[in-house]
Every structure is written in C-alpha cells, then in structure tokens.
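Listing of data28.txt; format and content: compact mmCIF, C-alpha atoms.
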```txt
# COMPACT_ATOMS: atom_id res chain seq x y z
CA MET Q 1 -19.68 1.59 -1.56
CA GLY Q 2 -16.30 0.66 -0.10
CA GLU Q 3 -15.74 4.14 1.29
CA VAL Q 4 -19.09 3.92 3.08
CA ARG Q 5 -18.14 0.57 4.60
CA THR Q 6 -14.79 1.89 5.76
CA GLY Q 7 -16.43 5.05 7.07
CA MET Q 8 -18.65 2.95 9.29
CA LEU Q 9 -15.53 1.31 10.70
CA VAL Q 10 -13.50 4.47 11.34
CA LYS Q 11 -16.09 7.07 12.32
CA GLY Q 12 -15.26 8.34 15.79
CA LYS Q 13 -12.16 6.14 16.00
CA LYS Q 14 -8.73 7.43 17.03
CA ALA Q 15 -6.28 7.05 14.14
CA VAL Q 16 -2.52 7.61 14.15
CA VAL Q 17 -0.95 8.14 10.74
CA ILE Q 18 2.81 7.58 10.62
CA GLY Q 19 4.57 9.82 8.12
CA ALA Q 20 3.73 13.41 7.20
CA GLY Q 21 4.65 13.20 3.54
CA ARG Q 22 2.35 13.20 0.52
CA THR Q 23 0.79 9.87 1.46
CA GLY Q 24 0.29 10.74 5.13
CA ILE Q 25 -1.47 13.98 4.21
CA ALA Q 26 -3.75 12.15 1.74
CA VAL Q 27 -4.60 9.52 4.38
CA ALA Q 28 -5.34 12.20 6.98
CA LYS Q 29 -7.73 14.01 4.63
CA VAL Q 30 -9.71 10.87 3.87
CA LEU Q 31 -9.88 9.63 7.47
CA LYS Q 32 -10.91 13.05 8.75
CA GLY Q 33 -13.60 13.18 6.09
CA LEU Q 34 -14.90 9.82 7.30
CA GLY Q 35 -15.17 11.09 10.86
CA ALA Q 36 -12.02 9.70 12.46
CA ARG Q 37 -10.00 11.56 15.09
CA VAL Q 38 -6.63 11.81 13.39
CA THR Q 39 -3.08 12.41 14.61
CA VAL Q 40 -0.25 12.52 12.07
CA CYS Q 41 3.28 12.00 13.34
CA ASP Q 42 6.73 12.14 11.79
CA ILE Q 43 10.25 11.67 13.12
CA LYS Q 44 11.37 14.79 11.25
CA ARG Q 45 11.55 17.99 13.27
CA GLU Q 46 8.98 20.74 12.89
CA TYR Q 47 11.22 23.07 10.87
CA MET Q 48 11.59 20.30 8.26
CA LEU Q 49 7.83 19.84 7.97
CA GLU Q 50 6.57 23.40 7.73
CA GLU Q 51 4.57 22.94 4.52
CA ALA Q 52 3.22 19.54 5.59
CA ILE Q 53 2.16 20.93 8.96
CA ARG Q 54 0.42 23.82 7.24
CA GLN Q 55 -1.57 21.40 5.08
CA LEU Q 56 -2.38 19.11 8.00
CA LYS Q 57 -3.53 21.95 10.24
CA ALA Q 58 -5.82 23.11 7.43
CA ILE Q 59 -7.66 19.76 7.36
CA PRO Q 60 -7.56 20.04 10.49
CA VAL Q 61 -5.79 17.18 12.30
CA ASP Q 62 -3.33 16.95 15.18
CA VAL Q 63 0.38 16.82 14.33
CA VAL Q 64 3.32 15.43 16.30
CA ALA Q 65 6.73 16.36 14.85
CA GLY Q 66 10.15 15.14 15.93
CA GLY Q 67 8.93 11.83 17.31
CA TYR Q 68 5.91 9.65 17.92
CA PRO Q 69 2.99 9.83 20.34
CA GLU Q 70 2.60 7.16 22.97
CA ILE Q 71 0.54 4.31 21.57
CA THR Q 72 -1.95 2.67 23.94
CA PRO Q 73 -5.35 1.01 23.46
CA GLU Q 74 -6.90 4.02 25.18
CA ASN Q 75 -5.59 6.62 22.73
CA THR Q 76 -5.24 4.63 19.50
CA ASP Q 77 -7.76 2.46 17.66
CA PHE Q 78 -5.64 1.90 14.57
CA LEU Q 79 -2.40 2.96 12.86
CA VAL Q 80 -1.85 3.72 9.18
CA MET Q 81 1.71 3.47 7.84
CA SER Q 82 3.05 5.53 4.97
CA PRO Q 83 5.25 3.65 2.46
CA GLY Q 84 8.78 3.09 3.71
CA VAL Q 85 7.97 3.31 7.42
CA PRO Q 86 10.09 0.65 9.18
CA MET Q 87 8.28 -2.17 10.95
CA ASN Q 88 10.57 -1.92 14.00
CA ILE Q 89 9.76 1.62 15.18
CA SER Q 90 8.13 2.05 18.58
CA PRO Q 91 4.54 2.85 17.47
CA VAL Q 92 4.41 -0.24 15.25
CA LEU Q 93 5.87 -2.48 17.96
CA LYS Q 94 3.43 -1.08 20.53
CA ALA Q 95 0.50 -1.59 18.17
CA LYS Q 96 1.49 -5.22 17.72
CA GLU Q 97 1.97 -5.63 21.48
CA TYR Q 98 -1.51 -4.29 22.24
CA GLY Q 99 -3.27 -5.88 19.27
CA ILE Q 100 -4.06 -2.50 17.71
CA SER Q 101 -4.99 -2.67 14.02
CA LEU Q 102 -2.15 -1.78 11.67
CA TRP Q 103 -2.89 -0.73 8.09
CA SER Q 104 -0.70 0.09 5.14
CA GLU Q 105 -2.00 3.01 3.09
CA ILE Q 106 -2.42 0.79 0.04
CA GLU Q 107 -4.64 -1.69 1.90
CA LEU Q 108 -6.73 1.02 3.54
CA ALA Q 109 -7.30 2.62 0.14
CA ALA Q 110 -8.17 -0.69 -1.53
CA SER Q 111 -10.85 -1.34 1.09
CA MET Q 112 -12.71 1.76 -0.10
CA PHE Q 113 -13.62 0.71 -3.64
CA ASP Q 114 -14.78 -2.32 -5.62
CA ALA Q 115 -12.89 -1.87 -8.90
CA PRO Q 116 -10.39 -4.59 -9.92
CA ILE Q 117 -6.76 -3.95 -9.01
CA ILE Q 118 -3.71 -4.84 -11.06
CA ALA Q 119 -0.72 -4.69 -8.71
CA VAL Q 120 2.86 -4.58 -10.00
CA THR Q 121 5.98 -5.25 -7.95
CA GLY Q 122 9.59 -6.29 -8.51
CA THR Q 123 13.04 -4.86 -7.95
CA ASN Q 124 13.31 -3.14 -11.33
CA GLY Q 125 10.83 -1.96 -13.95
CA LYS Q 126 7.82 -1.42 -11.68
CA THR Q 127 7.16 2.18 -12.65
CA THR Q 128 7.61 1.58 -16.38
CA THR Q 129 5.33 -1.46 -16.35
CA THR Q 130 2.69 0.25 -14.23
CA SER Q 131 2.68 3.30 -16.50
CA LEU Q 132 2.52 1.21 -19.68
CA LEU Q 133 -0.36 -0.90 -18.37
CA GLY Q 134 -2.27 2.21 -17.40
CA ARG Q 135 -1.73 3.71 -20.84
CA MET Q 136 -2.81 0.50 -22.58
CA PHE Q 137 -6.09 0.32 -20.68
CA ALA Q 138 -6.78 4.02 -21.13
CA ASP Q 139 -6.04 3.85 -24.87
CA GLY Q 140 -8.44 0.90 -25.04
CA GLY Q 141 -11.23 3.11 -23.73
CA ILE Q 142 -11.28 1.62 -20.22
CA PRO Q 143 -11.50 4.08 -17.32
CA THR Q 144 -8.14 3.71 -15.58
CA ILE Q 145 -6.45 4.96 -12.44
CA VAL Q 146 -2.66 4.65 -12.08
CA ALA Q 147 -1.35 5.11 -8.54
CA GLY Q 148 0.67 3.65 -5.68
CA ASN Q 149 4.42 3.77 -5.24
CA ILE Q 150 4.62 5.58 -8.57
CA GLY Q 151 4.26 8.88 -6.68
CA VAL Q 152 0.47 9.09 -6.52
CA PRO Q 153 -1.03 7.82 -3.22
CA LEU Q 154 -3.89 5.46 -4.06
CA ILE Q 155 -5.98 6.79 -1.20
CA GLY Q 156 -5.93 10.22 -2.81
CA GLU Q 157 -7.63 8.80 -5.93
CA ILE Q 158 -10.57 6.97 -4.36
CA ASP Q 159 -13.12 9.69 -5.14
CA LYS Q 160 -12.45 9.13 -8.85
CA ILE Q 161 -12.83 5.33 -8.83
CA THR Q 162 -16.02 3.59 -9.95
CA PRO Q 163 -16.65 -0.16 -10.33
CA ASP Q 164 -16.06 0.30 -14.08
CA HIS Q 165 -12.46 1.42 -13.55
CA VAL Q 166 -9.31 -0.64 -13.70
CA VAL Q 167 -6.86 0.41 -10.98
CA VAL Q 168 -3.18 -0.18 -11.75
CA VAL Q 169 -0.90 0.22 -8.75
CA GLU Q 170 2.82 -0.02 -8.21
CA VAL Q 171 3.56 -1.62 -4.85
CA SER Q 172 6.89 -1.87 -3.04
CA SER Q 173 8.12 -4.56 -0.67
CA PHE Q 174 7.77 -2.01 2.14
CA GLN Q 175 4.07 -1.58 1.41
CA LEU Q 176 3.52 -5.33 1.15
CA GLU Q 177 5.01 -5.96 4.61
CA ALA Q 178 1.93 -4.58 6.36
CA ILE Q 179 -0.94 -6.00 4.30
CA HIS Q 180 -3.58 -8.39 5.62
CA ASN Q 181 -6.51 -8.37 3.18
CA PHE Q 182 -5.12 -6.65 0.06
CA ARG Q 183 -6.25 -8.77 -2.89
CA PRO Q 184 -5.36 -7.68 -6.42
CA ARG Q 185 -7.30 -9.31 -9.23
CA VAL Q 186 -3.96 -9.49 -11.03
CA GLY Q 187 -0.62 -9.59 -9.21
CA ILE Q 188 2.60 -9.21 -11.19
CA VAL Q 189 6.16 -9.86 -10.00
CA LEU Q 190 8.73 -8.74 -12.56
CA ASN Q 191 12.05 -9.76 -10.99
CA ILE Q 192 13.96 -10.00 -7.73
CA THR Q 193 17.58 -8.88 -7.38
CA PRO Q 194 19.48 -7.84 -4.23
CA ASP Q 195 17.97 -4.62 -2.88
CA HIS Q 196 16.81 -3.22 0.47
CA LEU Q 197 18.77 -5.92 2.30
CA ASP Q 198 19.40 -3.43 5.10
CA ARG Q 199 15.71 -3.87 5.84
CA HIS Q 200 14.91 -7.40 4.67
CA HIS Q 201 18.32 -8.83 5.73
CA THR Q 202 18.26 -11.84 3.37
CA MET Q 203 17.11 -12.53 -0.17
CA GLU Q 204 14.60 -15.03 1.21
CA GLU Q 205 13.03 -12.35 3.41
CA TYR Q 206 12.97 -9.98 0.46
CA LYS Q 207 11.30 -12.65 -1.68
CA GLN Q 208 8.68 -13.31 1.01
CA ALA Q 209 7.87 -9.60 1.18
CA LYS Q 210 7.32 -9.50 -2.58
CA GLN Q 211 5.34 -12.75 -2.57
CA ALA Q 212 2.84 -11.21 -0.16
CA ILE Q 213 1.24 -9.63 -3.22
CA PHE Q 214 -0.39 -13.05 -3.79
CA CYS Q 215 -1.25 -13.97 -0.20
CA ASN Q 216 -5.00 -13.25 -0.48
CA GLN Q 217 -5.55 -14.32 -4.05
CA GLY Q 218 -7.99 -17.09 -4.89
CA LYS Q 219 -10.22 -18.39 -7.64
CA GLY Q 220 -10.65 -15.84 -10.42
CA ASP Q 221 -7.37 -14.05 -9.66
CA PHE Q 222 -4.18 -14.15 -11.72
CA SER Q 223 -0.54 -14.37 -10.62
CA ILE Q 224 1.82 -13.26 -13.39
CA LEU Q 225 5.43 -14.35 -12.90
CA ASN Q 226 8.76 -14.00 -14.68
CA TYR Q 227 9.75 -17.51 -15.74
CA ASP Q 228 13.35 -16.37 -16.36
CA ASP Q 229 13.90 -15.34 -12.72
CA GLU Q 230 14.31 -18.42 -10.52
CA LEU Q 231 13.18 -16.68 -7.32
CA VAL Q 232 10.10 -15.29 -9.02
CA LYS Q 233 9.38 -18.58 -10.78
CA SER Q 234 9.40 -20.38 -7.42
CA MET Q 235 6.52 -18.18 -6.22
CA ALA Q 236 4.13 -20.23 -8.36
CA SER Q 237 3.73 -22.75 -5.55
CA GLY Q 238 2.76 -20.03 -3.08
CA THR Q 239 -0.30 -18.56 -4.75
CA SER Q 240 -3.91 -19.70 -5.09
CA GLY Q 241 -4.39 -17.55 -8.17
CA GLU Q 242 -4.08 -18.83 -11.71
CA VAL Q 243 -0.38 -18.68 -12.61
CA ILE Q 244 0.67 -17.14 -15.91
CA PHE Q 245 4.37 -17.06 -16.76
CA PHE Q 246 6.11 -14.69 -19.14
CA SER Q 247 9.58 -15.16 -20.61
CA LEU Q 248 12.07 -13.58 -22.99
CA ARG Q 249 14.21 -16.74 -23.14
CA HIS Q 250 11.73 -19.58 -23.46
CA THR Q 251 8.68 -20.47 -25.49
CA LEU Q 252 5.93 -21.15 -22.95
```

Could you take the file, read its structure, and then write that structure out as structure tokens?
Amino acid sequence: MGEVRTGMLVKGKKAVVIGAGRTGIAVAKVLKGLGARVTVCDIKREYMLEEAIRQLKAIPVDVVAGGYPEITPENTDFLVMSPGVPMNISPVLKAKEYGISLWSEIELAASMFDAPIIAVTGTNGKTTTTSLLGRMFADGGIPTIVAGNIGVPLIGEIDKITPDHVVVVEVSSFQLEAIHNFRPRVGIVLNITPDHLDRHHTMEEYKQAKQAIFCNQGKGDFSILNYDDELVKSMASGTSGEVIFFSLRHTL
C-alpha cells in the first residue's frame, strides 16, 4: 500500500540520490522501479566506484562521479540522502534554497509500508539492542525485519514487509537530521556521550539530532528513555509519545 502511494508521488519525477554506496544503490533500484528518473552522484572519483557504477548502470540510472550535478528546480524534483551525507554540501544547500524536497533514505523507506517501526538510537549499543530486539520478536513468532544503520538499508527490505511485520531499525544522528514525517511506533534512546562533534559542534546539537526520533510521535506511540543518562532523561519533555524510562541504578 505505502509503496503504491509513494509510486504515485515519484513516477516521472527527477530524483537525485546522493551517495553511491549500498544505500544509494538500493534507493536507486526502488525509485527506478517506481518510475522515477534517477541520477546517483558521489564525491568519490570514478575509479573508486567501479563496482557501484556497474550496478547502477545495470538498473539503469545515470551516474555522476567525482562531484555533484547542478541542482535546480528544472532538473530536480527531490533529493534522497544516504546516511552520513553532510547537510552542508552544495546539493543539499541548493535544495533548501529552491524549496526542493529533501528525503533521508530511512524516511523514504518508511513511507512505503504500514508496519509498526521500532527505532533505536544512541551513542553506544544501538546495533546490539537492535539485533536483540529483532531476535526476540522473531523467536516469539512475529514476522520481523531488522534494518537501518546496522548495515542493511531499510529501503532494500520493503518488498518483504507486510502489515503483520514488526520493523526494527537502527538510526543514527546523521539519518535523523533530515527527517520530516518519520514516526516510529516505539522510539528508543539508549545514551548520549560526546561523539560526532565535528558535525554537530555541541552536545546540545547532538542531543537535538537524537531527539528528532520523537518529533512526529503522538497518541499511541512510545518513547523509551534511559533514566540514568541526564541528557536522555531530559528528552521526556520533548515528546508527545508515552514516556517509559529504564534504569540500571534506580527502581522505577
């Protein structure tokens, strides 16, 4: 159902995908299949992208290596960012200047299905927690998809997802920077310690990036927070979901 809705939105549209890695290739395949006109670009030079270019040409989509195409309203309807793409590169700045839609891969993928999402973020322990949750649901007999920043692009899994699935995703602060409508049924923040400050500059900026996991939550959603981490604990006032704390130090 979601893929059909998204297909109606992207069919015939001009899409620029930033990043020719595993995620960018997965995005290109899906968008091309939905009828979009796709260009994938990467700052790496062509000789560094030989295998990626081979896969992209086989889809087939256009490829720009060693830089970025010019972004204008005439040649670009929307951009999709791979995880880790900086927000201050020229295509992103131009998209914002012209009011061109900007998607993170995780949000684009989530718009294509109706299954509940459990999203896990934090500085440390994301992959372990995501993997354990996925295993717990699967062992309980619940159809489960585990994807995201764990090394499996969510958009590459959408053909497997039904409304009966639970989708457990690891999300990074980089991915959360570019979301607008991403709404996990359950959002989990494990901890926040100094990391990626070359990108987020301050701990407050880093916290705000993580807290974006809750920005679209509402009634019926759950925000799970580490009571023992003061920065994470303070996020309780910034979510409309039902807050559930966990702690190793306190009886709650």

With region 172-190 of chain Q as the partner and 9 Å as the cut-off, tabulate the residues of region 196-243 of chain Q that qualify, each row holding the nearest pair of atoms and their distance in Å to one decimal, using all atoms listed in the file, sorted by chain and rising number, as a tab-separated table.
```
residue	atom	partner	partner_atom	distance
Q:His196	CA	Q:Ser173	CA	8.9
Q:Arg199	CA	Q:Phe174	CA	9.0
Q:Tyr206	CA	Q:Ser173	CA	7.4
Q:Lys207	CA	Q:Ser173	CA	8.8
Q:Gln208	CA	Q:Ser173	CA	8.9
Q:Ala209	CA	Q:Ser173	CA	5.4
Q:Lys210	CA	Q:Ser173	CA	5.4
Q:Gln211	CA	Q:Val189	CA	8.0
Q:Ala212	CA	Q:Leu176	CA	6.1
Q:Ile213	CA	Q:Gly187	CA	6.3
Q:Phe214	CA	Q:Gly187	CA	6.4
Q:Cys215	CA	Q:Arg183	CA	7.7
Q:Asn216	CA	Q:Arg183	CA	5.2
Q:Gln217	CA	Q:Arg183	CA	5.7
Q:Gly218	CA	Q:Arg183	CA	8.7
Q:Gly220	CA	Q:Arg185	CA	7.4
Q:Asp221	CA	Q:Arg185	CA	4.8
Q:Phe222	CA	Q:Val186	CA	4.7
Q:Ser223	CA	Q:Gly187	CA	5.0
Q:Ile224	CA	Q:Ile188	CA	4.7
Q:Leu225	CA	Q:Val189	CA	5.4
Q:Asn226	CA	Q:Leu190	CA	5.7
Q:Asp229	CA	Q:Leu190	CA	8.4
Q:Val232	CA	Q:Val189	CA	6.8
Q:Gly241	CA	Q:Val186	CA	8.6
```

Selection near region 11-23 of chain Q, 6 Å with all atoms listed in the file, sequence-local residues under 4 positions removed, as a PDB file with C-alpha atoms, keeping the file's coordinate frame:
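Saved to out.pdb:
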```
ATOM      1  CA  GLY Q   7     -16.430   5.050   7.070  1.00  0.00           C
ATOM      2  CA  LEU Q  34     -14.900   9.820   7.300  1.00  0.00           C
ATOM      3  CA  GLY Q  35     -15.170  11.090  10.860  1.00  0.00           C
ATOM      4  CA  ALA Q  36     -12.020   9.700  12.460  1.00  0.00           C
ATOM      5  CA  ARG Q  37     -10.000  11.560  15.090  1.00  0.00           C
ATOM      6  CA  VAL Q  38      -6.630  11.810  13.390  1.00  0.00           C
ATOM      7  CA  THR Q  39      -3.080  12.410  14.610  1.00  0.00           C
ATOM      8  CA  VAL Q  40      -0.250  12.520  12.070  1.00  0.00           C
ATOM      9  CA  CYS Q  41       3.280  12.000  13.340  1.00  0.00           C
ATOM     10  CA  ASP Q  42       6.730  12.140  11.790  1.00  0.00           C
ATOM     11  CA  THR Q  76      -5.240   4.630  19.500  1.00  0.00           C
ATOM     12  CA  ASP Q  77      -7.760   2.460  17.660  1.00  0.00           C
ATOM     13  CA  PHE Q  78      -5.640   1.900  14.570  1.00  0.00           C
ATOM     14  CA  LEU Q  79      -2.400   2.960  12.860  1.00  0.00           C
ATOM     15  CA  VAL Q  80      -1.850   3.720   9.180  1.00  0.00           C
ATOM     16  CA  MET Q  81       1.710   3.470   7.840  1.00  0.00           C
ATOM     17  CA  SER Q  82       3.050   5.530   4.970  1.00  0.00           C
ATOM     18  CA  PRO Q 153      -1.030   7.820  -3.220  1.00  0.00           C
TER      19      PRO Q 153
END
```

* Give the answer as one residue: which of Q:Lys94, Q:Lys160, Q:Arg249, Q:Lys32 has the shortest atom-to-atom distance to Pro73 (chain Q), using only C-alpha atoms? => Q:Lys94

* To do: Return the single residue from Q:Val61, Q:Ile158, Q:Ala138, Q:Ile71 that is closest to Ala109 (chain Q), with distances computed using only C-alpha atoms.
  =>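 The shortest atom-to-atom distance to Ala109 (chain Q) comes from Q:Ile158.
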
* Of the candidates Q:Asp164, Q:Asp159, Q:Glu97, Q:Glu170, which shows the shortest atom-to-atom distance to Gly122 (chain Q), using only C-alpha atoms? ->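 Between Q:Asp164, Q:Asp159, Q:Glu97, Q:Glu170, the residue approaching Gly122 (chain Q) most closely is Q:Glu170.
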
* Atomic distance CA of Ala26 (chain Q) - CA of Asp139 (chain Q), expressed in Å with one decimal ->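 It comes out at 28.0 Å.
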
* Asked: What is the distance between CA of Asn191 (chain Q) and CA of Gly125 (chain Q), in Å to one decimal?
  ->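 Distance between the two atoms: 8.4 Å.
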
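Of the listed residues (Q:Val243, Q:Val85, Q:Ala110, Q:Val171), Q:Val171 comes nearest to Asn124 (chain Q); the distances count all atoms listed in the file.
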
* **Residue among Q:Met136, Q:Val169, Q:Val64, Q:Ile244 lying closest to Gly151 (chain Q), counting only C-alpha atoms** => Q:Val169

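One finds CA of Gly156 (chain Q) at 15.6 Å from CA of Asp114 (chain Q).
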
Please rebuild region 130-143 of chain Q with N, CA and C atoms and give the result as a PDB file, in the coordinates of the input.
```pdb
ATOM      1  N   THR Q 130       3.937  -0.322 -14.731  1.00  0.00           N
ATOM      2  CA  THR Q 130       2.690   0.250 -14.230  1.00  0.00           C
ATOM      3  C   THR Q 130       2.179   1.336 -15.174  1.00  0.00           C
ATOM      4  N   SER Q 131       3.069   2.204 -15.602  1.00  0.00           N
ATOM      5  CA  SER Q 131       2.680   3.300 -16.500  1.00  0.00           C
ATOM      6  C   SER Q 131       2.202   2.766 -17.849  1.00  0.00           C
ATOM      7  N   LEU Q 132       2.913   1.778 -18.397  1.00  0.00           N
ATOM      8  CA  LEU Q 132       2.520   1.210 -19.680  1.00  0.00           C
ATOM      9  C   LEU Q 132       1.164   0.516 -19.600  1.00  0.00           C
ATOM     10  N   LEU Q 133       0.937  -0.242 -18.539  1.00  0.00           N
ATOM     11  CA  LEU Q 133      -0.360  -0.900 -18.370  1.00  0.00           C
ATOM     12  C   LEU Q 133      -1.484   0.125 -18.292  1.00  0.00           C
ATOM     13  N   GLY Q 134      -1.259   1.167 -17.505  1.00  0.00           N
ATOM     14  CA  GLY Q 134      -2.270   2.210 -17.400  1.00  0.00           C
ATOM     15  C   GLY Q 134      -2.579   2.838 -18.738  1.00  0.00           C
ATOM     16  N   ARG Q 135      -1.540   3.110 -19.523  1.00  0.00           N
ATOM     17  CA  ARG Q 135      -1.730   3.710 -20.840  1.00  0.00           C
ATOM     18  C   ARG Q 135      -2.465   2.763 -21.790  1.00  0.00           C
ATOM     19  N   MET Q 136      -2.157   1.483 -21.720  1.00  0.00           N
ATOM     20  CA  MET Q 136      -2.810   0.500 -22.580  1.00  0.00           C
ATOM     21  C   MET Q 136      -4.307   0.425 -22.295  1.00  0.00           C
ATOM     22  N   PHE Q 137      -4.672   0.364 -21.024  1.00  0.00           N
ATOM     23  CA  PHE Q 137      -6.090   0.320 -20.680  1.00  0.00           C
ATOM     24  C   PHE Q 137      -6.799   1.602 -21.085  1.00  0.00           C
ATOM     25  N   ALA Q 138      -6.174   2.731 -20.792  1.00  0.00           N
ATOM     26  CA  ALA Q 138      -6.780   4.020 -21.130  1.00  0.00           C
ATOM     27  C   ALA Q 138      -6.958   4.160 -22.642  1.00  0.00           C
ATOM     28  N   ASP Q 139      -5.942   3.765 -23.412  1.00  0.00           N
ATOM     29  CA  ASP Q 139      -6.040   3.850 -24.870  1.00  0.00           C
ATOM     30  C   ASP Q 139      -7.088   2.885 -25.418  1.00  0.00           C
ATOM     31  N   GLY Q 140      -7.396   1.842 -24.644  1.00  0.00           N
ATOM     32  CA  GLY Q 140      -8.440   0.900 -25.040  1.00  0.00           C
ATOM     33  C   GLY Q 140      -9.833   1.354 -24.633  1.00  0.00           C
ATOM     34  N   GLY Q 141      -9.926   2.554 -24.093  1.00  0.00           N
ATOM     35  CA  GLY Q 141     -11.230   3.110 -23.730  1.00  0.00           C
ATOM     36  C   GLY Q 141     -11.741   2.669 -22.374  1.00  0.00           C
ATOM     37  N   ILE Q 142     -10.877   2.081 -21.554  1.00  0.00           N
ATOM     38  CA  ILE Q 142     -11.280   1.620 -20.220  1.00  0.00           C
ATOM     39  C   ILE Q 142     -10.903   2.675 -19.194  1.00  0.00           C
ATOM     40  N   PRO Q 143     -11.847   3.111 -18.368  1.00  0.00           N
ATOM     41  CA  PRO Q 143     -11.500   4.080 -17.320  1.00  0.00           C
ATOM     42  C   PRO Q 143     -10.400   3.509 -16.420  1.00  0.00           C
TER      43      PRO Q 143
END
```
